[in-house]
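Asker: I am sharing entry32.tsv, which consists of TSV, C-alpha atoms and all ligand atoms:
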chain	number	residue	atom	x	y	z
A	246	MET	CA	-106.80	-38.96	20.83
A	247	LEU	CA	-108.39	-41.41	18.50
A	248	ASP	CA	-109.95	-38.96	16.11
A	249	ALA	CA	-109.03	-40.92	13.02
A	250	LEU	CA	-111.61	-43.55	13.77
A	251	LEU	CA	-114.97	-41.88	13.46
A	252	PHE	CA	-117.30	-44.58	14.54
A	253	THR	CA	-118.56	-45.50	17.95
A	254	LYS	CA	-118.64	-49.23	17.47
A	255	THR	CA	-115.51	-50.87	16.09
A	256	SER	CA	-115.96	-52.16	12.55
A	257	PRO	CA	-115.55	-55.92	12.01
A	258	LEU	CA	-113.07	-55.19	9.21
A	259	LEU	CA	-110.68	-53.31	11.45
A	260	SER	CA	-110.78	-55.90	14.19
A	261	ALA	CA	-110.19	-58.63	11.58
A	262	VAL	CA	-107.03	-56.90	10.30
A	263	TYR	CA	-105.67	-56.38	13.81
A	264	ARG	CA	-106.93	-59.70	15.02
A	265	ASP	CA	-104.28	-60.17	17.71
A	266	CYS	CA	-105.35	-56.99	19.45
A	267	LEU	CA	-107.77	-57.15	22.33
A	268	TRP	CA	-110.99	-55.45	21.17
A	269	ARG	CA	-113.29	-56.66	23.91
A	270	VAL	CA	-113.18	-59.29	26.62
A	271	ASN	CA	-115.01	-62.52	25.98
A	272	THR	CA	-116.97	-63.02	29.17
A	273	LYS	CA	-120.48	-63.93	30.21
A	274	GLU	CA	-120.16	-62.04	33.48
A	275	LYS	CA	-121.37	-58.48	33.78
A	276	ILE	CA	-117.94	-56.89	33.59
A	277	LEU	CA	-116.94	-53.69	31.78
A	278	TYR	CA	-113.49	-52.24	31.14
A	279	LEU	CA	-113.07	-48.48	31.25
A	280	THR	CA	-109.84	-47.18	29.74
A	281	PHE	CA	-108.43	-43.66	29.94
A	282	ASP	CA	-105.83	-42.48	27.43
A	283	ASP	CA	-103.38	-39.58	27.28
A	284	GLY	CA	-102.91	-38.70	30.97
A	285	PRO	CA	-102.06	-38.30	33.69
A	286	ILE	CA	-102.73	-34.59	34.10
A	287	ALA	CA	-103.74	-32.57	37.17
A	288	GLU	CA	-106.79	-31.03	35.50
A	289	ILE	CA	-108.82	-34.22	35.10
A	290	THR	CA	-107.08	-37.43	36.24
A	291	PRO	CA	-107.78	-36.84	39.98
A	292	PHE	CA	-111.47	-36.30	39.13
A	293	VAL	CA	-111.50	-39.62	37.26
A	294	LEU	CA	-109.83	-41.38	40.20
A	295	ASP	CA	-112.31	-39.88	42.67
A	296	GLU	CA	-115.28	-41.04	40.60
A	297	LEU	CA	-113.85	-44.53	40.15
A	298	LYS	CA	-113.27	-44.79	43.88
A	299	ARG	CA	-116.83	-43.66	44.64
A	300	TRP	CA	-118.21	-46.57	42.62
A	301	LYS	CA	-115.50	-49.09	43.63
A	302	ALA	CA	-114.55	-49.27	39.96
A	303	LYS	CA	-111.16	-50.18	38.51
A	304	ALA	CA	-109.90	-48.95	35.16
A	305	THR	CA	-106.87	-49.02	32.88
A	306	PHE	CA	-104.83	-45.90	32.15
A	307	PHE	CA	-102.83	-45.74	28.92
A	308	CYS	CA	-100.31	-43.11	29.93
A	309	ILE	CA	-98.14	-40.81	27.87
A	310	GLY	CA	-94.56	-41.01	29.18
A	311	LYS	CA	-93.94	-37.28	29.30
A	312	ASN	CA	-97.16	-36.75	31.29
A	313	VAL	CA	-96.07	-39.39	33.78
A	314	GLU	CA	-92.76	-37.57	34.22
A	315	ALA	CA	-94.56	-34.28	34.83
A	316	ASN	CA	-97.20	-35.74	37.15
A	317	SER	CA	-95.52	-38.55	39.02
A	318	GLU	CA	-97.67	-38.16	42.14
A	319	ILE	CA	-100.87	-38.62	40.19
A	320	PHE	CA	-99.33	-41.59	38.42
A	321	GLN	CA	-98.45	-43.12	41.79
A	322	ARG	CA	-102.02	-42.56	42.95
A	323	ILE	CA	-103.33	-44.50	39.91
A	324	ILE	CA	-101.15	-47.44	40.91
A	325	ASN	CA	-101.89	-47.22	44.63
A	326	GLU	CA	-105.63	-47.28	43.98
A	327	GLY	CA	-105.41	-50.57	42.12
A	328	HIS	CA	-105.81	-49.54	38.50
A	329	SER	CA	-103.83	-50.94	35.58
A	330	ILE	CA	-101.29	-49.02	33.55
A	331	GLY	CA	-100.51	-49.28	29.87
A	332	ASN	CA	-97.92	-47.72	27.57
A	333	HIS	CA	-99.20	-45.07	25.12
A	334	THR	CA	-95.74	-43.95	23.84
A	335	TYR	CA	-93.65	-41.16	25.36
A	336	ASP	CA	-94.78	-38.38	22.98
A	337	HIS	CA	-98.13	-39.69	21.72
A	338	LEU	CA	-96.74	-40.64	18.31
A	339	ASN	CA	-98.80	-41.56	15.32
A	340	GLY	CA	-97.15	-44.78	14.13
A	341	TRP	CA	-97.93	-44.05	10.49
A	342	ASN	CA	-95.65	-40.99	10.54
A	343	TYR	CA	-92.56	-42.59	12.09
A	344	SER	CA	-90.02	-45.22	11.17
A	345	ASP	CA	-90.23	-48.44	13.14
A	346	LYS	CA	-86.99	-47.53	14.88
A	347	GLU	CA	-88.24	-44.12	16.00
A	348	TYR	CA	-91.58	-45.53	17.06
A	349	PHE	CA	-90.14	-48.41	19.10
A	350	GLU	CA	-87.62	-46.09	20.77
A	351	ASN	CA	-90.45	-43.82	21.85
A	352	ILE	CA	-92.33	-46.80	23.31
A	353	GLU	CA	-89.19	-47.93	25.14
A	354	LYS	CA	-88.70	-44.40	26.49
A	355	CYS	CA	-92.23	-44.50	27.87
A	356	ALA	CA	-91.66	-47.97	29.32
A	357	ALA	CA	-88.53	-46.73	31.10
A	358	VAL	CA	-90.48	-43.84	32.67
A	359	LEU	CA	-93.29	-46.11	33.78
A	360	ASN	CA	-90.78	-48.50	35.33
A	361	LEU	CA	-88.89	-45.71	37.01
A	362	GLN	CA	-91.98	-44.10	38.46
A	363	SER	CA	-93.58	-47.26	39.70
A	364	SER	CA	-92.21	-49.01	42.71
A	365	PRO	CA	-91.28	-52.62	41.98
A	366	VAL	CA	-91.45	-53.31	45.70
A	367	ASP	CA	-94.81	-53.11	47.33
A	368	ARG	CA	-94.22	-50.55	50.07
A	369	ASN	CA	-97.78	-50.30	51.31
A	370	GLY	CA	-98.64	-53.94	51.48
A	371	MET	CA	-100.85	-53.48	48.45
A	372	LYS	CA	-101.08	-55.85	45.55
A	373	GLN	CA	-98.69	-54.81	42.82
A	374	ILE	CA	-100.95	-54.34	39.82
A	375	PHE	CA	-98.48	-52.58	37.59
A	376	ASN	CA	-98.48	-54.18	34.20
A	377	LEU	CA	-96.05	-52.97	31.59
A	378	GLN	CA	-97.26	-55.44	29.03
A	379	LEU	CA	-100.25	-53.42	27.89
A	380	PHE	CA	-99.85	-51.10	24.92
A	381	ARG	CA	-102.33	-48.96	23.03
A	382	PRO	CA	-101.20	-47.14	19.88
A	383	PRO	CA	-102.09	-43.42	19.82
A	384	TYR	CA	-104.87	-42.73	17.27
A	385	GLY	CA	-105.22	-46.51	16.94
A	386	LYS	CA	-102.64	-46.27	14.15
A	387	LEU	CA	-99.91	-48.83	13.53
A	388	LYS	CA	-98.03	-49.80	10.40
A	389	PRO	CA	-98.24	-53.55	9.65
A	390	SER	CA	-94.52	-53.86	10.48
A	391	GLN	CA	-95.02	-52.16	13.85
A	392	TYR	CA	-98.03	-54.30	14.61
A	393	ALA	CA	-96.14	-57.50	13.73
A	394	LYS	CA	-93.33	-56.73	16.14
A	395	LEU	CA	-95.32	-55.17	18.97
A	396	LYS	CA	-97.79	-57.99	19.23
A	397	LEU	CA	-94.92	-60.29	20.22
A	398	GLN	CA	-93.91	-58.05	23.08
A	399	TYR	CA	-97.11	-56.44	24.30
A	400	LYS	CA	-100.76	-57.13	24.77
A	401	LEU	CA	-102.18	-54.65	22.27
A	402	VAL	CA	-105.40	-53.20	23.61
A	403	MET	CA	-107.88	-51.47	21.34
A	404	TRP	CA	-111.58	-50.96	22.17
A	405	ASP	CA	-115.08	-51.75	21.05
A	406	VAL	CA	-116.71	-48.56	22.34
A	407	LEU	CA	-115.27	-45.20	21.37
A	408	SER	CA	-116.75	-42.51	23.60
A	409	PHE	CA	-116.04	-39.44	21.43
A	410	ASP	CA	-115.22	-37.53	24.61
A	411	PHE	CA	-112.50	-35.74	22.60
A	412	ASP	CA	-114.92	-34.52	19.92
A	413	LEU	CA	-115.51	-30.85	20.63
A	414	LYS	CA	-118.42	-30.75	18.18
A	415	MET	CA	-120.42	-33.51	19.84
A	416	GLU	CA	-122.84	-32.61	22.62
A	417	GLU	CA	-122.20	-34.13	26.02
A	418	GLU	CA	-125.57	-35.85	26.26
A	419	LYS	CA	-125.17	-37.39	22.81
A	420	MET	CA	-121.74	-38.69	23.74
A	421	LEU	CA	-123.18	-40.21	26.93
A	422	GLN	CA	-126.04	-41.89	25.06
A	423	ASN	CA	-123.58	-43.34	22.55
A	424	VAL	CA	-121.67	-45.03	25.33
A	425	LEU	CA	-124.76	-46.28	27.14
A	426	LYS	CA	-126.25	-47.68	23.93
A	427	ASN	CA	-123.15	-49.41	22.57
A	428	THR	CA	-121.70	-50.89	25.75
A	429	GLU	CA	-122.30	-54.57	26.41
A	430	THR	CA	-120.84	-57.33	28.57
A	431	GLY	CA	-117.04	-57.39	28.17
A	432	SER	CA	-116.85	-54.02	26.42
A	433	ILE	CA	-113.63	-52.01	26.43
A	434	ILE	CA	-114.61	-48.33	26.53
A	435	VAL	CA	-112.18	-45.60	25.49
A	436	MET	CA	-112.21	-42.31	27.33
A	437	HIS	CA	-109.47	-39.72	27.79
A	438	ASP	CA	-108.02	-37.97	30.81
A	439	SER	CA	-107.05	-35.02	28.63
A	440	LEU	CA	-107.90	-31.32	28.56
A	441	LYS	CA	-109.91	-31.71	25.38
A	442	ALA	CA	-112.08	-34.43	26.88
A	443	LYS	CA	-112.43	-32.84	30.33
A	444	PRO	CA	-115.95	-31.34	29.94
A	445	LYS	CA	-117.43	-34.57	28.59
A	446	VAL	CA	-115.64	-36.77	31.11
A	447	GLU	CA	-116.91	-34.62	33.97
A	448	TYR	CA	-120.42	-34.84	32.56
A	449	ALA	CA	-120.56	-38.45	31.46
A	450	LEU	CA	-118.28	-40.53	33.65
A	451	PRO	CA	-120.38	-40.28	36.85
A	452	LYS	CA	-123.50	-41.14	34.82
A	453	ILE	CA	-121.83	-44.11	33.09
A	454	LEU	CA	-120.63	-45.48	36.43
A	455	GLU	CA	-124.05	-45.03	38.04
A	456	TYR	CA	-126.03	-46.43	35.10
A	457	PHE	CA	-124.08	-49.66	34.77
A	458	SER	CA	-123.45	-50.16	38.51
A	459	GLU	CA	-127.19	-50.06	39.09
A	460	LYS	CA	-127.62	-52.66	36.37
A	461	GLY	CA	-125.27	-54.96	38.29
A	462	PHE	CA	-122.12	-54.46	36.23
A	463	VAL	CA	-118.65	-54.24	37.77
A	464	PHE	CA	-115.77	-52.27	36.29
A	465	ASN	CA	-112.46	-54.14	36.20
A	466	ALA	CA	-108.92	-53.22	35.21
A	467	LEU	CA	-107.36	-55.11	32.33
A	501	ZN	ZN	-104.06	-41.11	22.80
How would this structure read if it were set down as structure tokens?
Answerer:
Amino acid sequence: MLDALLFTKTSPLLSAVYRDCLWRVNTKEKILYLTFDDGPIAEITPFVLDELKRWKAKATFFCIGKNVEANSEIFQRIINEGHSIGNHTYDHLNGWNYSDKEYFENIEKCAAVLNLQSSPVDRNGMKQIFNLQLFRPPYGKLKPSQYAKLKLQYKLVMWDVLSFDFDLKMEEEKMLQNVLKNTETGSIIVMHDSLKAKPKVEYALPKILEYFSEKGFVFNAL
């Protein structure tokens, strides 16, 4: 969850501090980047995958290591269907609350699970899209020391559109309108394949895909 950052559009200040993170993609083409954090889980990830498939959309899933261990078949489906994978730590740690050593070990533990679960050999003749180099910090929180080291090893992916799908107090339609209003060419949109976000994802994701597909946008994986 990213509940520490209560704004829909990323502030220029924050993106200036973390300037080596990817906040949006600089492109003139009508491309959008959906990202789903905190999965995979059986209750919502298959729904997300079905909807993406229906609109021929690709996305990026920032997975929690322990969820990948528990749901390896769903994880494999994400890979087989051509989406990208990113590391979101093993236990969804808030970097501010952990020593660098503990935090990096948790990231490495997640990386090991992702490597283990994904096949390095392409068994189905499909393009191997697995990309371990993407990392998104849970809650968007990193200490400066963690940021300094991680940016050398990973492509740190943040967002420019926060969907608020995790916010139980926000109405579904308001959440949808926030996303539709704030998304522009090259936007990186954060959603969650989590239990908390499930009602809003079920409501909004099909509408987001339809709205932008009809406007000629394509959804790509990072
Ligand atoms: Zn998260």
Asker: Take atom CA of Asn316 of chain A and atom CA of Leu297 of chain A and report the distance between them in Å, one decimal.
Answerer: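 Between these atoms lies a distance of 19.1 Å.
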Asker: Would you mind telling me which residue in A:Lys426, A:Lys303, A:Lys298, A:Lys275 lies nearest to Gly327 of chain A when using all atoms listed in the file?
Answerer: A:Lys303
Asker: Report as a ChimeraX atom specification which protein, DNA and RNA residues come within 6 Å of ligand ZN 501 (chain A), using all atoms listed in the file.
Answerer: /A:246,282-283,383-384
Asker: Using all atoms listed in the file, determine which residues lie at most 10 Å from Leu379 of chain A, disregarding the query and same-chain residues fewer than 5 positions distant; provide the list as a list in words.
Answerer: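 The residues satisfying every condition are Thr305, Phe306, Phe307, Ser329, Ile330, Gly331, Asn332, His333, Gln398, Tyr399, Lys400, Leu401, Val402 and Leu467 of chain A.
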Asker: May I ask which of the residues A:Gln378, A:Ser458, A:Thr280, A:Thr430 is the closest one to His328 of chain A, counting only C-alpha atoms?
Answerer: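 Closest to His328 of chain A of all the choices is A:Thr280.
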Asker: So how many Å separate atom CA of Lys346 of chain A and atom CA of Phe380 of chain A, to one decimal?
Answerer: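 For atom CA of Lys346 of chain A relative to atom CA of Phe380 of chain A, the distance reads 16.7 Å.
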Asker: I want to know what sits within 12 Å of Ala357 of chain A, based on all atoms listed in the file, with residues of the same chain fewer than 2 positions away left out; could you give that as a tab-separated table (two decimals) with C-alpha atoms, in the coordinates of the input?
Answerer:
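Result saved to part_6.tsv:
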chain	number	residue	atom	x	y	z
A	309	ILE	CA	-98.14	-40.81	27.87
A	310	GLY	CA	-94.56	-41.01	29.18
A	311	LYS	CA	-93.94	-37.28	29.30
A	313	VAL	CA	-96.07	-39.39	33.78
A	314	GLU	CA	-92.76	-37.57	34.22
A	332	ASN	CA	-97.92	-47.72	27.57
A	334	THR	CA	-95.74	-43.95	23.84
A	335	TYR	CA	-93.65	-41.16	25.36
A	350	GLU	CA	-87.62	-46.09	20.77
A	351	ASN	CA	-90.45	-43.82	21.85
A	352	ILE	CA	-92.33	-46.80	23.31
A	353	GLU	CA	-89.19	-47.93	25.14
A	354	LYS	CA	-88.70	-44.40	26.49
A	355	CYS	CA	-92.23	-44.50	27.87
A	359	LEU	CA	-93.29	-46.11	33.78
A	360	ASN	CA	-90.78	-48.50	35.33
A	361	LEU	CA	-88.89	-45.71	37.01
A	362	GLN	CA	-91.98	-44.10	38.46
A	363	SER	CA	-93.58	-47.26	39.70
A	377	LEU	CA	-96.05	-52.97	31.59
Asker: Go through A:Val424, A:Ile433, A:Asp345, A:Val270 one by one, measure the shortest atom-to-atom distance of each to Tyr392 of chain A using all atoms listed in the file, and give the residue with the smallest value.
Answerer: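 Answer, going by the shortest atom-to-atom distance: A:Asp345.
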Asker: Please indicate the distance in Å from atom CA of Val406 of chain A to atom CA of Glu447 of chain A, rounded to one decimal place.
Answerer: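 Taking atom CA of Val406 of chain A and atom CA of Glu447 of chain A, their separation equals 18.2 Å.
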Asker: Identify, on the basis of only C-alpha atoms, every residue whose closest approach to Leu294 of chain A does not exceed 10 Å; exclude the query and any residue fewer than 2 positions from it along the same chain; express the result as a PyMOL selection string.
Answerer: chain A and resi 289-292+296-299+302-304+319+322-323+326+328
Asker: Using only C-alpha atoms, pick whichever of A:Asp336, A:Glu318, A:Glu347, A:Asp410 has the shortest atom-to-atom distance to His437 of chain A.
Answerer: A:Asp410
Asker: Can you tell me, as a ChimeraX atom specification, what residues are no more than 12 Å from Met420 of chain A when counting all atoms listed in the file, ignoring any on the same chain fewer than 4 positions away?
Answerer: /A:252-253,406-416,424-427,435-436,442,444-446,448-450,452-453
Asker: Taking all listed atoms of segment 264-277 of chain A, build the axis-aligned box, pad each of the six sides by 5 Å, then write its centre and edge lengths in Å to one decimal as AutoDock Vina command-line options.
Answerer:
--center_x -112.8 --center_y -58.8 --center_z 24.4 --size_x 27.1 --size_y 20.2 --size_z 28.8
Asker: Which one is closest to Ser439 of chain A: A:Ala287, A:Val463, A:Leu279, A:Leu421? Count all atoms listed in the file.
Answerer: A:Ala287
